[in-house]
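Below: one structure, written as structure tokens.
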Amino acid sequence: MASKELLTRLEQKAVQAEQMIALLTRQIGQLQAAAVDSQKEQLRRENQELRQEVDRLKNTLVTLEKANGVTQYYDFNKSTPAGITTTTTTTGTSEPSPAPPQAAPAPLQAAPAQQEKADKEKVNKKAEKKEKKKAEGGEKKGGGGGGGKKTEEELPVDVSRLDFRVGRIVTAEKHPDADALYVEQVDIGEGKNRTVVSGLVRFVPVEQMQNRMAVMLCNLKPAKMRGVTSEAMVMCASTPDKVEILSPPAGSQPGDLVEFEGYTRCPDTVLNPKKKIFEACAPDLKTDGSKVAVYKGVPFTVPGKGVVVAETLANVQVK
């Protein structure tokens with residue numbers, strides 16, 4: 001009997017405990033809801049205060065801008081800005097709620113007179129650019145005898161495009177990776193030597209390559225030959241069995257120009273390999289019967305000093 005009564009009391013206490021837990025749970029929920037409501041109300045008050053501060057600052061800004069003559073395109077002094085409606089919350093406070101999305105108000109712009117001036121300046125600049133382009137186009141076409149520089153396509157394909165100059169081979173030595181090539185340091189009057197690679201080992205002894213005058217083609221595109229970049233070409237009278245370096249006239253100096261009568265000298269800065277200007281001229285570069293180097297019969301000439309010649313080879317190709 002005692003054990004049955006004890007079990008009954010335990011069951012009653014368990015029921016009472018469950019009831020107490022349920023009560024405490026409800027009370028905790030109520031407290032949490034009250035705390036949330038309190039926080040909401042506090043946030044609403046802070047939000048309202050911020051709005052009022054923003055409105056005050058807007059009004060101050062507008063007043064200052066008006067005082068400085070800035071035109072206003074949007075009225076910030078309205079109690080409810082355009083595009084904003086108000087709704088009443090359950091707490092009885094009035095809060096703004098966004099209306100359907102609308103286009104944003106246009107940004108402040110310059111005064112009409114200033115804008116008109118800016119537009120006129122743009123139009124004038126465009127007109128100036130067009131006139132400049134027309135003028136440049138006229139120069140490129142070389143019309144009217146105005147001396148405008150011709151485009152590359154309009155220049156003749158002849159010896160006038162080749163930059164021949166007198167050079168002095170300062171030193172020459174065999175290429176480290178090619179038995180048939182010399183690597184030379186050549187002075188062409190530029191203040192520093194150019195490196196030139198030439199396939200002359202079979203034809204000219206190395207001792208005859210030192211400190212000698214030559215004619216150089218100076219506007220070939222630099223190209224690597226067995227790892228060494230060559231920046232010009234030594235011009236030679238040539239047959240399959242014999243090659244001779246062309247000799248400038250006595251008194252020539254490094255940097256002297258080589259010219260051709262009847263061909264106004266106008267060399268490309270660097271010959272475009274795709275245009276093949278040198279290849280087009282090469283068949284007409286020869287020595288004549290007097291061993292004078294010529295282009296279509298016109299001698300290679302250093303003005304005021306004489307013509308360029310080969311030592312012994314007449315009527316052969318120059319390359």
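Scheme for the structure tokens: letters A, B, ... for chains in order shown; per-chain residue numbers from 1; ligand numbers from 1 in order shown.
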Quick one: residues within 12 Å of Val206 of chain A, only C-alpha atoms, excluding same-chain residues fewer than 3 positions away - as a list in words?
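Answer for this query is Ile169, Val170, Thr171, Ala172, Glu173, Lys174, His175, Ala180, Leu181, Tyr182, Val183, Glu184, Ser198, Gly199, Leu200, Val201, Arg202, Phe203, Met209, Gln210, Asn211 and Arg212 of chain A.
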Can you work out which one of A:Thr264, A:Gln42, A:Thr312, A:Ser290 has the shortest atom-to-atom distance to Thr239 of chain A, counting only C-alpha atoms?
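When distances to Thr239 of chain A are compared using only C-alpha atoms, the smallest one comes from A:Thr312.
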What lies within 8 Å of Ser247 of chain A using only C-alpha atoms, ignoring chain neighbours under 3 positions off, as a list in words?
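These residues fall inside the cut-off: Met213, Ala214, Val215, Val308, Val309, Ala310 and Glu311 of chain A.
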Store the residues picked out above in a file with N, CA, C and O atoms, as a compact mmCIF listing (two decimals), in the first residue's frame.
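What follows is the written file again.txt:
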# COMPACT_ATOMS: atom_id res chain seq x y z
N MET A 213 86.33 50.96 -95.09
CA MET A 213 85.12 51.68 -95.49
C MET A 213 84.24 50.78 -96.36
O MET A 213 84.75 49.91 -97.08
N ALA A 214 82.93 51.02 -96.26
CA ALA A 214 81.98 50.20 -97.01
C ALA A 214 80.72 51.03 -97.24
O ALA A 214 80.55 52.12 -96.69
N VAL A 215 79.83 50.48 -98.08
CA VAL A 215 78.50 51.06 -98.25
C VAL A 215 77.50 50.15 -97.54
O VAL A 215 77.48 48.93 -97.78
N VAL A 308 80.75 55.16 -106.12
CA VAL A 308 81.09 53.91 -105.43
C VAL A 308 81.49 52.88 -106.48
O VAL A 308 80.83 52.74 -107.52
N VAL A 309 82.56 52.12 -106.20
CA VAL A 309 83.06 51.15 -107.20
C VAL A 309 83.36 49.81 -106.55
O VAL A 309 83.48 49.70 -105.33
N ALA A 310 83.46 48.78 -107.41
CA ALA A 310 83.96 47.49 -106.98
C ALA A 310 85.46 47.41 -107.35
O ALA A 310 85.93 48.12 -108.24
N GLU A 311 86.19 46.55 -106.68
CA GLU A 311 87.64 46.48 -106.93
C GLU A 311 87.96 45.91 -108.29
O GLU A 311 88.74 46.49 -109.07
Give me, as number ranges by chain, the residues of segment 156-300 of chain A that a backbone DSSP run labels helix (DSSP H, G or I).
A: 159-161, 206-209, 277-284
I'd like to know which residues of segment 178-211 of chain A are strand (DSSP E or B) (by DSSP, run on the backbone); could you write them as a list in words?
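Strand (DSSP E or B) members of segment 178-211 of chain A, listed: Tyr182, Val183, Glu184, Gln185, Val186, Asp187, Arg194, Thr195, Val196, Val197 and Ser198 of chain A.
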Writing out the chosen residues with N, CA and C atoms as an mmCIF file, in the first residue's frame:
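In the end it all went to result28.cif:
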data_model
loop_
_atom_site.group_PDB
_atom_site.id
_atom_site.type_symbol
_atom_site.label_atom_id
_atom_site.label_comp_id
_atom_site.auth_asym_id
_atom_site.auth_seq_id
_atom_site.Cartn_x
_atom_site.Cartn_y
_atom_site.Cartn_z
ATOM 1 N N TYR A 182 80.515 36.569 -90.383
ATOM 2 C CA TYR A 182 81.228 37.530 -89.549
ATOM 3 C C TYR A 182 80.221 38.336 -88.731
ATOM 4 N N VAL A 183 80.647 38.744 -87.540
ATOM 5 C CA VAL A 183 79.900 39.721 -86.747
ATOM 6 C C VAL A 183 80.743 40.981 -86.694
ATOM 7 N N GLU A 184 80.224 42.075 -87.239
ATOM 8 C CA GLU A 184 80.985 43.316 -87.353
ATOM 9 C C GLU A 184 80.369 44.414 -86.491
ATOM 10 N N GLN A 185 81.201 45.327 -86.045
ATOM 11 C CA GLN A 185 80.768 46.574 -85.417
ATOM 12 C C GLN A 185 81.035 47.691 -86.422
ATOM 13 N N VAL A 186 79.972 48.385 -86.842
ATOM 14 C CA VAL A 186 80.082 49.339 -87.943
ATOM 15 C C VAL A 186 79.675 50.742 -87.472
ATOM 16 N N ASP A 187 80.530 51.702 -87.775
ATOM 17 C CA ASP A 187 80.255 53.115 -87.486
ATOM 18 C C ASP A 187 79.613 53.752 -88.710
ATOM 19 N N ARG A 194 76.680 50.032 -85.041
ATOM 20 C CA ARG A 194 75.643 49.028 -85.274
ATOM 21 C C ARG A 194 76.308 47.665 -85.409
ATOM 22 N N THR A 195 75.587 46.640 -84.965
ATOM 23 C CA THR A 195 76.042 45.269 -85.153
ATOM 24 C C THR A 195 75.516 44.758 -86.493
ATOM 25 N N VAL A 196 76.408 44.205 -87.304
ATOM 26 C CA VAL A 196 76.029 43.703 -88.626
ATOM 27 C C VAL A 196 76.582 42.295 -88.785
ATOM 28 N N VAL A 197 75.748 41.399 -89.293
ATOM 29 C CA VAL A 197 76.171 40.022 -89.562
ATOM 30 C C VAL A 197 76.240 39.827 -91.071
ATOM 31 N N SER A 198 77.386 39.348 -91.562
ATOM 32 C CA SER A 198 77.596 39.187 -93.015
ATOM 33 C C SER A 198 78.167 37.807 -93.326
#
Using only C-alpha atoms, which protein or nucleic acid residues come within 12 Å of Tyr263 of chain A? Drop anything in the same chain fewer than 4 positions from it, and give the result as a VMD selection string.
chain A and resid 155 to 162 258 to 259 267 295 to 296 298 to 301
Find, counting only C-alpha atoms, the residue in A:Asn272, A:Gln208, A:Thr25, A:Ser230 that gets nearest to Ile245 of chain A.
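Ranking A:Asn272, A:Gln208, A:Thr25, A:Ser230 by distance to Ile245 of chain A, first place goes to A:Gln208.
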So which residues touch Asn315 of chain A within 7 Å, counting only C-alpha atoms, skipping near sequence neighbours fewer than 3 positions away, as a PyMOL selection string?
chain A and resi 286-289+291
Report, in Å to a single decimal, how far apart atom CA of Val36 of chain A and atom CA of Leu23 of chain A are.
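Going from atom CA of Leu23 of chain A over to atom CA of Val36 of chain A covers 20.0 Å.
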What does the distance between atom CA of Gln253 of chain A and atom CA of Ile188 of chain A come to in Å, to one decimal place?
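Going from atom CA of Gln253 of chain A over to atom CA of Ile188 of chain A covers 8.4 Å.
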